[in-house]
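Note: the block below is structure-v8.csv and it holds CSV, C-alpha atoms.
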```csv
chain,number,residue,atom,x,y,z
K,1,MET,CA,-297.4,89.8,-182.3
K,2,ARG,CA,-295.2,88.7,-185.1
K,3,VAL,CA,-293.3,85.4,-184.7
K,4,LEU,CA,-290.6,84.1,-186.9
K,5,LEU,CA,-289.5,80.4,-187.2
K,6,ILE,CA,-285.8,80.3,-188.0
K,7,ILE,CA,-285.3,77.0,-189.9
K,8,PRO,CA,-281.6,76.2,-190.6
K,9,ALA,CA,-281.3,73.6,-193.3
K,10,TYR,CA,-278.3,71.8,-194.6
K,11,ASN,CA,-278.9,69.2,-197.3
K,12,GLU,CA,-282.4,68.4,-196.2
K,13,SER,CA,-283.9,67.9,-199.7
K,14,LYS,CA,-285.6,64.7,-198.5
K,15,SER,CA,-287.5,66.2,-195.6
K,16,ILE,CA,-287.8,69.9,-196.1
K,17,LYS,CA,-291.1,69.8,-198.1
K,18,LYS,CA,-292.7,67.6,-195.5
K,19,LEU,CA,-291.5,69.9,-192.7
K,20,ILE,CA,-293.0,73.0,-194.4
K,21,ALA,CA,-296.2,71.2,-195.1
K,22,LYS,CA,-296.5,70.3,-191.4
K,23,ILE,CA,-296.0,74.0,-190.4
K,24,ASP,CA,-298.5,75.3,-193.0
K,25,ASN,CA,-300.9,72.7,-191.7
K,26,PHE,CA,-300.3,73.8,-188.1
K,27,ILE,CA,-301.0,77.4,-189.1
K,28,GLU,CA,-304.2,76.6,-190.9
K,29,LYS,CA,-305.6,74.2,-188.3
K,30,ASN,CA,-305.1,76.5,-185.3
K,31,MET,CA,-306.5,79.9,-184.6
K,32,LEU,CA,-303.2,81.5,-183.7
K,33,SER,CA,-303.3,84.7,-181.6
K,34,TYR,CA,-300.1,85.8,-183.4
K,35,GLN,CA,-298.8,86.0,-186.9
K,36,LEU,CA,-296.5,83.0,-187.6
K,37,ASP,CA,-293.9,83.3,-190.5
K,38,TYR,CA,-290.9,81.2,-191.3
K,39,VAL,CA,-287.6,81.6,-193.1
K,40,VAL,CA,-285.5,78.6,-194.1
K,41,ILE,CA,-281.8,79.4,-194.0
K,42,ASN,CA,-280.2,77.2,-196.7
K,43,ASP,CA,-276.7,76.8,-195.3
K,44,GLY,CA,-274.9,76.2,-198.6
K,45,SER,CA,-276.6,72.9,-199.3
K,46,TYR,CA,-275.1,71.0,-202.2
K,47,ASP,CA,-278.1,68.8,-202.8
K,48,THR,CA,-281.4,69.9,-204.3
K,49,THR,CA,-282.5,71.7,-201.1
K,50,GLY,CA,-282.1,75.1,-202.8
K,51,GLU,CA,-284.0,74.1,-205.9
K,52,ILE,CA,-286.9,72.7,-203.9
K,53,LEU,CA,-287.1,75.9,-201.9
K,54,ASP,CA,-287.2,78.0,-205.1
K,55,LYS,CA,-289.7,75.7,-206.9
K,56,CYS,CA,-292.1,75.4,-204.0
K,57,ASP,CA,-291.9,79.2,-203.3
K,58,ILE,CA,-290.8,78.7,-199.7
K,59,ASN,CA,-289.5,81.9,-198.0
K,60,HIS,CA,-285.8,81.3,-197.6
K,61,VAL,CA,-282.3,82.8,-197.6
K,62,ASP,CA,-279.5,81.0,-199.5
K,63,LEU,CA,-276.1,81.4,-197.8
K,64,ILE,CA,-273.5,81.5,-200.6
K,65,ASN,CA,-271.1,79.6,-198.4
K,66,ASN,CA,-271.6,77.0,-195.7
K,67,LEU,CA,-271.3,78.7,-192.3
K,68,GLY,CA,-272.3,75.9,-190.0
K,69,ILE,CA,-275.3,75.8,-187.7
K,70,GLY,CA,-274.1,78.8,-185.7
K,71,GLY,CA,-273.7,81.1,-188.7
K,72,ALA,CA,-277.0,79.9,-190.2
K,73,VAL,CA,-279.0,80.5,-187.1
K,74,GLN,CA,-277.4,83.9,-186.6
K,75,THR,CA,-278.5,84.8,-190.1
K,76,GLY,CA,-282.0,84.0,-189.0
K,77,TYR,CA,-281.7,86.2,-186.0
K,78,ILE,CA,-280.4,89.1,-188.2
K,79,TYR,CA,-283.3,88.5,-190.5
K,80,ALA,CA,-285.7,88.6,-187.5
K,81,ARG,CA,-284.1,91.8,-186.3
K,82,ASP,CA,-284.1,93.6,-189.7
K,83,ASN,CA,-287.7,92.6,-190.3
K,84,ASP,CA,-288.7,93.8,-186.8
K,85,TYR,CA,-290.1,90.5,-185.5
K,86,ASP,CA,-291.3,90.3,-181.9
K,87,VAL,CA,-290.3,86.7,-181.3
K,88,ALA,CA,-287.9,84.4,-183.1
K,89,VAL,CA,-288.0,80.6,-182.7
K,90,GLN,CA,-285.2,78.3,-183.7
K,91,PHE,CA,-286.7,75.2,-185.4
K,92,ASP,CA,-284.5,72.5,-186.9
K,93,GLY,CA,-284.8,71.8,-190.5
K,94,ASP,CA,-284.3,68.0,-190.1
K,95,GLY,CA,-287.7,67.3,-188.6
K,96,GLN,CA,-286.5,66.6,-185.1
K,97,HIS,CA,-288.7,69.3,-183.5
K,98,ASP,CA,-292.4,69.0,-183.3
K,99,ILE,CA,-294.4,72.0,-184.4
K,100,GLU,CA,-297.2,71.1,-182.0
K,101,SER,CA,-294.9,71.9,-179.1
K,102,LEU,CA,-294.5,75.5,-180.3
K,103,ASP,CA,-297.0,77.0,-177.9
K,104,ALA,CA,-295.1,75.4,-174.9
K,105,ILE,CA,-292.1,77.6,-175.5
K,106,LEU,CA,-293.9,80.5,-177.1
K,107,GLU,CA,-296.5,81.2,-174.5
K,108,PRO,CA,-294.1,82.2,-171.7
K,109,ILE,CA,-292.5,84.7,-174.0
K,110,LEU,CA,-295.8,86.2,-175.1
K,111,LYS,CA,-296.8,86.5,-171.4
K,112,ASP,CA,-293.4,88.2,-170.8
K,113,GLU,CA,-292.5,85.6,-168.1
K,114,TYR,CA,-289.1,85.0,-169.8
K,115,ASP,CA,-286.9,86.5,-172.4
K,116,PHE,CA,-285.7,83.2,-173.7
K,117,VAL,CA,-287.2,79.8,-173.5
K,118,ILE,CA,-285.5,76.5,-174.2
K,119,GLY,CA,-287.5,73.5,-175.3
K,120,SER,CA,-286.3,70.7,-173.2
K,121,ARG,CA,-286.3,66.9,-173.5
K,122,PHE,CA,-285.1,66.3,-170.1
K,123,ILE,CA,-287.1,68.1,-167.5
K,124,ASP,CA,-290.1,65.9,-167.6
K,125,ASP,CA,-289.4,62.2,-168.2
K,126,LEU,CA,-293.0,61.2,-168.4
K,127,GLU,CA,-294.0,63.1,-171.5
K,128,ASN,CA,-290.9,62.2,-173.5
K,129,ASN,CA,-289.4,58.9,-174.3
K,130,PHE,CA,-286.4,60.6,-175.8
K,131,THR,CA,-283.7,58.0,-176.1
K,132,SER,CA,-280.1,59.0,-176.5
K,133,THR,CA,-276.8,57.2,-176.2
K,134,LEU,CA,-275.4,57.1,-172.7
K,135,MET,CA,-272.3,59.0,-173.9
K,136,ARG,CA,-274.4,61.8,-175.2
K,137,ARG,CA,-276.5,62.1,-172.0
K,138,PHE,CA,-273.3,62.1,-169.9
K,139,GLY,CA,-271.8,64.8,-172.1
K,140,ILE,CA,-275.0,66.9,-171.8
K,141,SER,CA,-275.0,66.5,-168.0
K,142,VAL,CA,-271.4,67.6,-167.7
K,143,ILE,CA,-272.0,70.7,-169.8
K,144,SER,CA,-275.1,71.4,-167.7
K,145,TRP,CA,-273.0,71.2,-164.6
K,146,ALA,CA,-270.4,73.6,-166.1
K,147,ILE,CA,-273.2,76.1,-166.8
K,148,LEU,CA,-274.5,75.7,-163.3
K,149,LEU,CA,-271.0,76.4,-161.9
K,150,VAL,CA,-270.4,79.4,-164.1
K,151,CYS,CA,-273.9,81.0,-164.4
K,152,HIS,CA,-275.5,79.6,-161.2
K,153,LYS,CA,-278.5,78.3,-163.1
K,154,ARG,CA,-279.5,74.7,-163.8
K,155,VAL,CA,-280.2,74.2,-167.5
K,156,TYR,CA,-281.1,70.6,-168.4
K,157,ASP,CA,-281.2,70.5,-172.1
K,158,VAL,CA,-278.1,72.4,-173.1
K,159,THR,CA,-277.9,71.3,-176.7
K,160,SER,CA,-281.5,71.8,-177.6
K,161,GLY,CA,-282.0,73.7,-180.8
K,162,PHE,CA,-285.6,74.4,-180.2
K,163,ARG,CA,-285.6,77.8,-178.5
K,164,ALA,CA,-287.7,81.0,-178.5
K,165,ALA,CA,-286.3,84.5,-178.1
K,166,ASN,CA,-288.0,87.9,-177.5
K,167,LYS,CA,-286.9,91.1,-179.1
K,168,LYS,CA,-284.1,91.9,-176.6
K,169,VAL,CA,-282.5,88.5,-177.1
K,170,ILE,CA,-282.9,88.7,-180.8
K,171,SER,CA,-280.8,91.9,-180.8
K,172,TYR,CA,-278.1,90.2,-178.6
K,173,LEU,CA,-277.9,87.1,-180.7
K,174,ALA,CA,-278.0,88.9,-184.1
K,175,LYS,CA,-274.9,90.7,-183.0
K,176,ARG,CA,-273.1,87.9,-181.3
K,177,TYR,CA,-273.6,84.2,-181.8
K,178,PRO,CA,-271.0,81.5,-181.3
K,179,ILE,CA,-269.6,79.6,-184.3
K,180,SER,CA,-268.3,76.6,-182.5
K,181,TYR,CA,-270.7,75.2,-179.9
K,182,PRO,CA,-273.7,77.4,-180.5
K,183,GLU,CA,-276.4,76.1,-178.1
K,184,PRO,CA,-274.5,75.7,-174.8
K,185,GLU,CA,-272.3,78.8,-175.4
K,186,SER,CA,-275.2,81.0,-176.4
K,187,THR,CA,-277.1,79.9,-173.3
K,188,ALA,CA,-274.2,80.7,-171.0
K,189,PHE,CA,-273.7,84.0,-172.8
K,190,LEU,CA,-277.3,85.0,-172.3
K,191,LEU,CA,-277.2,84.0,-168.7
K,192,LYS,CA,-274.2,86.2,-168.3
K,193,LYS,CA,-276.2,89.1,-169.8
K,194,LYS,CA,-278.8,88.5,-167.1
K,195,VAL,CA,-281.5,87.4,-169.5
K,196,ARG,CA,-284.5,85.6,-168.0
K,197,ILE,CA,-284.3,82.1,-169.3
K,198,GLY,CA,-287.0,79.4,-168.9
K,199,GLU,CA,-287.1,75.8,-169.8
K,200,LYS,CA,-290.2,74.0,-170.9
K,201,THR,CA,-291.0,70.5,-172.0
K,202,VAL,CA,-291.3,69.9,-175.7
K,203,LYS,CA,-291.7,66.9,-177.9
K,204,MET,CA,-288.8,65.9,-180.1
K,205,HIS,CA,-288.3,63.0,-182.4
K,206,ASP,CA,-285.4,60.6,-182.3
K,207,ARG,CA,-282.5,61.2,-184.6
K,208,GLU,CA,-281.6,58.4,-187.0
K,209,GLU,CA,-277.9,59.0,-186.8
K,210,GLY,CA,-275.9,59.7,-183.7
K,211,ILE,CA,-274.5,63.2,-183.5
K,212,SER,CA,-275.9,65.9,-185.7
K,213,SER,CA,-273.9,69.0,-186.6
K,214,ILE,CA,-271.4,68.1,-184.0
K,215,ARG,CA,-268.3,67.3,-186.1
K,216,ALA,CA,-266.0,66.3,-183.3
K,217,LEU,CA,-263.0,64.1,-183.3
K,218,SER,CA,-264.6,62.3,-180.4
K,219,PRO,CA,-267.4,63.1,-178.0
K,220,ILE,CA,-264.9,63.4,-175.2
K,221,VAL,CA,-262.8,66.1,-177.0
K,222,TYR,CA,-266.1,67.9,-177.9
K,223,MET,CA,-267.2,67.8,-174.3
K,224,LEU,CA,-263.8,69.1,-173.0
K,225,GLU,CA,-263.9,71.9,-175.6
K,226,VAL,CA,-267.4,73.0,-174.7
K,227,VAL,CA,-266.7,72.9,-170.9
K,228,THR,CA,-263.5,75.0,-171.4
K,229,SER,CA,-265.4,77.5,-173.5
K,230,ILE,CA,-268.1,77.8,-170.8
K,231,PHE,CA,-265.5,78.3,-168.1
K,232,ILE,CA,-263.9,81.1,-170.2
K,233,LEU,CA,-267.3,82.6,-170.6
K,234,GLY,CA,-267.5,82.5,-166.8
K,235,PHE,CA,-265.1,85.4,-166.7
K,236,MET,CA,-267.2,87.5,-169.1
K,237,ARG,CA,-268.3,90.8,-167.8
K,238,ARG,CA,-271.8,91.9,-168.4
K,239,LYS,CA,-270.8,94.7,-170.7
K,240,ASP,CA,-268.9,92.5,-173.1
P,241,MET,CA,-235.1,75.4,-162.8
P,242,ASP,CA,-234.4,77.9,-160.0
P,243,LEU,CA,-237.2,79.5,-158.0
P,244,GLN,CA,-237.0,82.9,-159.6
P,245,LEU,CA,-237.3,81.5,-163.1
P,246,ARG,CA,-240.2,79.4,-162.0
P,247,ILE,CA,-242.0,82.5,-160.5
P,248,GLU,CA,-241.4,84.5,-163.7
P,249,LEU,CA,-242.7,81.7,-165.9
P,250,PHE,CA,-245.7,81.3,-163.7
P,251,ILE,CA,-246.6,85.0,-163.9
P,252,LEU,CA,-246.2,84.9,-167.7
P,253,ALA,CA,-248.4,81.8,-168.0
P,254,ILE,CA,-251.1,83.4,-165.8
P,255,GLY,CA,-250.8,86.6,-167.8
P,256,LEU,CA,-251.2,84.7,-171.1
P,257,ILE,CA,-254.3,82.9,-169.8
P,258,PHE,CA,-255.8,86.2,-168.6
P,259,LEU,CA,-255.1,87.8,-172.0
P,260,ILE,CA,-256.7,85.0,-173.9
P,261,VAL,CA,-259.8,84.9,-171.7
P,262,ARG,CA,-260.4,88.7,-172.0
P,263,MET,CA,-259.9,88.7,-175.7
P,264,VAL,CA,-262.3,85.8,-176.2
P,265,ASN,CA,-265.0,87.3,-174.0
P,266,LYS,CA,-264.7,90.6,-175.8
P,267,ASN,CA,-265.3,88.7,-179.0
P,268,LEU,CA,-261.9,89.7,-180.3
P,269,PHE,CA,-260.4,86.3,-180.3
P,270,SER,CA,-262.0,83.2,-181.8
P,271,LEU,CA,-262.6,80.7,-179.1
P,272,LYS,CA,-261.7,77.6,-181.0
P,273,LYS,CA,-258.4,79.1,-182.4
P,274,SER,CA,-257.3,80.2,-178.9
P,275,PHE,CA,-257.1,76.6,-177.7
P,276,PRO,CA,-253.5,76.1,-178.7
P,277,TRP,CA,-252.5,79.2,-176.7
P,278,LEU,CA,-254.4,78.0,-173.7
P,279,LEU,CA,-252.8,74.6,-174.0
P,280,LEU,CA,-249.4,76.3,-174.1
P,281,SER,CA,-250.0,78.2,-170.9
P,282,LEU,CA,-251.2,75.0,-169.3
P,283,VAL,CA,-247.9,73.3,-170.3
P,284,CYS,CA,-246.0,76.3,-168.9
P,285,LEU,CA,-247.9,75.9,-165.6
P,286,LEU,CA,-247.1,72.2,-165.5
P,287,MET,CA,-243.4,73.0,-166.1
P,288,VAL,CA,-243.5,75.4,-163.1
P,289,ILE,CA,-245.1,72.9,-160.8
P,290,PHE,CA,-243.0,69.9,-161.9
P,291,PRO,CA,-239.6,71.3,-163.0
P,292,ASN,CA,-238.1,67.8,-163.3
P,293,PHE,CA,-240.6,67.3,-166.1
P,294,ILE,CA,-238.4,69.2,-168.6
P,295,ASN,CA,-235.2,67.6,-167.4
P,296,TYR,CA,-236.7,64.1,-168.0
P,297,PHE,CA,-237.8,64.9,-171.5
P,298,SER,CA,-234.7,66.8,-172.6
P,299,GLN,CA,-232.6,63.8,-171.5
P,300,LEU,CA,-234.9,61.4,-173.2
P,301,LEU,CA,-234.6,63.2,-176.5
P,302,SER,CA,-230.8,63.7,-176.1
P,303,PHE,CA,-230.8,67.4,-175.8
P,304,LYS,CA,-227.6,68.8,-174.3
P,305,SER,CA,-229.4,71.0,-171.9
P,306,PRO,CA,-233.0,71.5,-170.8
P,307,MET,CA,-232.8,75.1,-172.1
P,308,ASN,CA,-232.1,73.8,-175.6
P,309,PHE,CA,-235.1,71.6,-175.3
P,310,LEU,CA,-237.3,74.5,-174.3
P,311,PHE,CA,-236.0,76.7,-177.1
P,312,PHE,CA,-236.5,73.9,-179.6
P,313,GLY,CA,-240.0,73.2,-178.3
P,314,SER,CA,-241.0,76.9,-178.5
P,315,ILE,CA,-239.7,77.3,-182.0
P,316,SER,CA,-241.4,74.1,-183.2
P,317,PHE,CA,-244.7,75.3,-181.6
P,318,LEU,CA,-244.3,78.7,-183.4
P,319,PHE,CA,-243.6,76.9,-186.7
P,320,LEU,CA,-246.7,74.8,-186.4
P,321,MET,CA,-248.8,77.8,-185.5
P,322,GLN,CA,-247.5,79.6,-188.6
P,323,ILE,CA,-248.3,76.6,-190.8
P,324,LEU,CA,-251.8,76.6,-189.3
P,325,ASN,CA,-252.2,80.3,-189.9
P,326,THR,CA,-251.0,80.0,-193.5
P,327,TYR,CA,-253.9,77.5,-194.0
P,328,LEU,CA,-256.4,79.7,-192.3
P,329,GLY,CA,-255.2,82.8,-194.2
P,330,THR,CA,-255.6,81.0,-197.5
P,331,ARG,CA,-259.0,79.9,-196.6
P,332,ARG,CA,-260.0,83.4,-195.6
P,333,ASP,CA,-258.6,84.9,-198.8
P,334,SER,CA,-260.6,82.5,-201.0
P,335,ASN,CA,-263.8,83.3,-198.9
P,336,VAL,CA,-263.2,87.0,-199.4
P,337,LYS,CA,-262.6,86.5,-203.1
P,338,MET,CA,-265.9,84.6,-203.3
P,339,LEU,CA,-267.7,87.4,-201.4
P,340,VAL,CA,-266.3,90.0,-203.7
P,341,GLN,CA,-267.3,88.1,-206.8
P,342,GLU,CA,-270.8,87.3,-205.6
P,343,LEU,CA,-271.4,90.8,-204.4
P,344,SER,CA,-270.2,92.3,-207.6
P,345,LEU,CA,-272.4,90.0,-209.7
P,346,LEU,CA,-275.3,90.9,-207.4
P,347,LYS,CA,-274.6,94.6,-207.9
P,348,ALA,CA,-274.5,94.2,-211.7
P,349,LYS,CA,-277.8,92.4,-211.6
P,350,VAL,CA,-279.4,95.1,-209.4
P,351,GLU,CA,-278.2,97.8,-211.8
P,352,GLU,CA,-279.6,95.9,-214.7
P,353,LEU,CA,-282.9,95.6,-213.0
P,354,GLU,CA,-283.0,99.3,-212.2
P,355,LYS,CA,-282.2,100.1,-215.8
P,356,ASP,CA,-285.1,97.9,-216.9
P,357,ALA,CA,-287.4,99.5,-214.3
P,358,ASN,CA,-286.5,103.0,-215.5
P,359,LYS,CA,-287.3,102.2,-219.1
```

Show this structure as structure tokens.
Amino acid sequence: MRVLLIIPAYNESKSIKKLIAKIDNFIEKNMLSYQLDYVVINDGSYDTTGEILDKCDINHVDLINNLGIGGAVQTGYIYARDNDYDVAVQFDGDGQHDIESLDAILEPILKDEYDFVIGSRFIDDLENNFTSTLMRRFGISVISWAILLVCHKRVYDVTSGFRAANKKVISYLAKRYPISYPEPESTAFLLKKKVRIGEKTVKMHDREEGISSIRALSPIVYMLEVVTSIFILGFMRRKD
Amino acid sequence: MDLQLRIELFILAIGLIFLIVRMVNKNLFSLKKSFPWLLLSLVCLLMVIFPNFINYFSQLLSFKSPMNFLFFGSISFLFLMQILNTYLGTRRDSNVKMLVQELSLLKAKVEELEKDANK
């Protein structure tokens, strides 16, 4: 079983070395039943991220132009497909995700229980003290409701970027991945394709700033746009 | 606005929404860029449901007739869309140019490496 970590990175010169070290440490410490590789997708960073990746000999792809999180992650899926990986795992390059939680989302895929597993912060309040602004949590619940309405499945963490995909899903996402609101839209898209989606608790670290790659005029506009796009996806036919 | 006109406008607005939704789901239309068109069809639907809406605004902005206001509004909308498209087209052209340049330089590098390997 070959597993690939897709690590999108945009101007993460301060944290990328530490992140890779944590992953290498994780691989060394544990007797993994699968082969774990990683590829950092450098999304046109203008700081020294590119140089650090070259100097430390970290497996990476430099995008010649910034594509945004959607384009960067899709590049990772294309890489996974072209290199015939069995499983691909999205893992943020900013250190928000905890590598120790990898098995939580990987195991259900390896056991073929699900095709796609979302690492969630919200299904088990006990294990996670993940704090977030009220506005963000409200926005996430509205999007979650929209997905429920349209795809008839309750997904709690709709913006989680910590997700694992099997070969079938890799081929779907390599071909079609949303540019604008990647995580909720791709989830709705996969549900429309009748993919088996699971959600498991993972550990994530708090973000220092507020909203990450969400460059919105305001959270409300962002939320309206995501909900509209999900409603539109609601009319998607399976063969699209 | 008389009833027949309202029905025709309603059908057009629904038709436009349907077209946009199909195009987006088939991945032929960018979702984000379709929002102005969806907004337009929403406004059309509002005009159908509240016909006095247009009368109020056309009088407020001293148009001689509501039809003039509608024409002016439509043309202004098209102008703005064109300006937006000019910007997007320029951005796209410069992206394509960059791709051509990078690809060509890469090709030259590969050919050079092949030459060195064959020596």

| field | Straight-line distance linking CA of Ala104 (chain K) with CA of Val202 (chain K), stated in Å to one decimal | value |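 Rounded to one decimal, the two atoms are 6.7 Å apart.
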
Counting all atoms listed in the file, which residues of chain K sit at most 10 Å from some atom of chain P, and what is each one's closest atom pair with its distance in Å to one decimal, listed by chain and rising residue number, as a Markdown table?
```
| residue | atom | partner | partner_atom | distance |
| --- | --- | --- | --- | --- |
| K:Ile64 | CA | P:Glu342 | CA | 8.1 |
| K:Asn65 | CA | P:Asn335 | CA | 8.2 |
| K:Arg176 | CA | P:Asn267 | CA | 8.2 |
| K:Tyr177 | CA | P:Asn267 | CA | 9.8 |
| K:Pro178 | CA | P:Leu271 | CA | 8.7 |
| K:Ile179 | CA | P:Ser270 | CA | 8.8 |
| K:Ser180 | CA | P:Lys272 | CA | 6.8 |
| K:Tyr181 | CA | P:Lys272 | CA | 9.4 |
| K:Phe189 | CA | P:Asn265 | CA | 9.4 |
| K:Glu225 | CA | P:Lys272 | CA | 8.2 |
| K:Val226 | CA | P:Lys272 | CA | 9.7 |
| K:Thr228 | CA | P:Phe275 | CA | 9.1 |
| K:Ser229 | CA | P:Leu271 | CA | 7.0 |
| K:Phe231 | CA | P:Val261 | CA | 9.4 |
| K:Ile232 | CA | P:Val261 | CA | 5.8 |
| K:Leu233 | CA | P:Asn265 | CA | 6.2 |
| K:Gly234 | CA | P:Asn265 | CA | 9.0 |
| K:Phe235 | CA | P:Val261 | CA | 7.3 |
| K:Met236 | CA | P:Asn265 | CA | 5.4 |
| K:Arg237 | CA | P:Asn265 | CA | 7.8 |
| K:Arg238 | CA | P:Asn265 | CA | 9.9 |
| K:Lys239 | CA | P:Lys266 | CA | 8.9 |
| K:Asp240 | CA | P:Lys266 | CA | 5.3 |
```

Please produce an output containing C-alpha atoms for each residue in the selection, written as a PDB file, in the frame of the given file.
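To be explicit, this is the file written out as out.pdb:
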```pdb
ATOM      1  CA  ILE K  64    -273.500  81.500-200.600  1.00  0.00           C
ATOM      2  CA  ASN K  65    -271.100  79.600-198.400  1.00  0.00           C
ATOM      3  CA  ARG K 176    -273.100  87.900-181.300  1.00  0.00           C
ATOM      4  CA  TYR K 177    -273.600  84.200-181.800  1.00  0.00           C
ATOM      5  CA  PRO K 178    -271.000  81.500-181.300  1.00  0.00           C
ATOM      6  CA  ILE K 179    -269.600  79.600-184.300  1.00  0.00           C
ATOM      7  CA  SER K 180    -268.300  76.600-182.500  1.00  0.00           C
ATOM      8  CA  TYR K 181    -270.700  75.200-179.900  1.00  0.00           C
ATOM      9  CA  PHE K 189    -273.700  84.000-172.800  1.00  0.00           C
ATOM     10  CA  GLU K 225    -263.900  71.900-175.600  1.00  0.00           C
ATOM     11  CA  VAL K 226    -267.400  73.000-174.700  1.00  0.00           C
ATOM     12  CA  THR K 228    -263.500  75.000-171.400  1.00  0.00           C
ATOM     13  CA  SER K 229    -265.400  77.500-173.500  1.00  0.00           C
ATOM     14  CA  PHE K 231    -265.500  78.300-168.100  1.00  0.00           C
ATOM     15  CA  ILE K 232    -263.900  81.100-170.200  1.00  0.00           C
ATOM     16  CA  LEU K 233    -267.300  82.600-170.600  1.00  0.00           C
ATOM     17  CA  GLY K 234    -267.500  82.500-166.800  1.00  0.00           C
ATOM     18  CA  PHE K 235    -265.100  85.400-166.700  1.00  0.00           C
ATOM     19  CA  MET K 236    -267.200  87.500-169.100  1.00  0.00           C
ATOM     20  CA  ARG K 237    -268.300  90.800-167.800  1.00  0.00           C
ATOM     21  CA  ARG K 238    -271.800  91.900-168.400  1.00  0.00           C
ATOM     22  CA  LYS K 239    -270.800  94.700-170.700  1.00  0.00           C
ATOM     23  CA  ASP K 240    -268.900  92.500-173.100  1.00  0.00           C
TER      24      ASP K 240
END
```

| request: Rounded to one decimal place, report the CA of Ser15 (chain K)-CA of Asp94 (chain K) distance in Å. | output: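 Value for the CA of Ser15 (chain K)-CA of Asp94 (chain K) distance: 6.6 Å.
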
Do you know which residues are at most 8 Å from Ile220 (chain K) counting all atoms listed in the file, after dropping those on the same chain fewer than 3 positions away, and could you put them as a PDB file with C-alpha atoms, keeping the file's coordinate frame?
```
ATOM      1  CA  GLY K 139    -271.800  64.800-172.100  1.00  0.00           C
ATOM      2  CA  MET K 223    -267.200  67.800-174.300  1.00  0.00           C
ATOM      3  CA  LEU K 224    -263.800  69.100-173.000  1.00  0.00           C
TER       4      LEU K 224
END
```

| message | I'd like the neighbourhood of region 30-41 of chain K as a list in words, where a residue qualifies if any of its atoms comes within 6 Å (using all atoms listed in the file), though same-chain residues fewer than 3 positions away should be ignored. | response |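 So, after excluding close chain neighbours, the residues are Met1, Arg2, Val3, Leu4, Leu5, Ile6, Ile7, Pro8, Ala9, Ile27, Asn59, His60 and Val61 of chain K.
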
| message | So that I can check the surroundings of Arg81 (chain K), please list as an MDAnalysis selection string every protein, DNA and RNA residue that reaches within 10 Å of it, counting all atoms listed in the file and ignoring chain neighbours fewer than 3 positions away. | response | chainID K and resid 75:78 84:88 167:175

| request: Quick one: everything within 12 Å of Ile147 (chain K), counting all atoms listed in the file, minus sequence neighbours fewer than 5 positions away in the same chain. Send it as a ChimeraX atom specification. | output: /K:140-142,152-159,183-192,226-234

| Distance in Å - CA of Gly161 (chain K) versus CA of Gln90 (chain K) | 6.3 Å
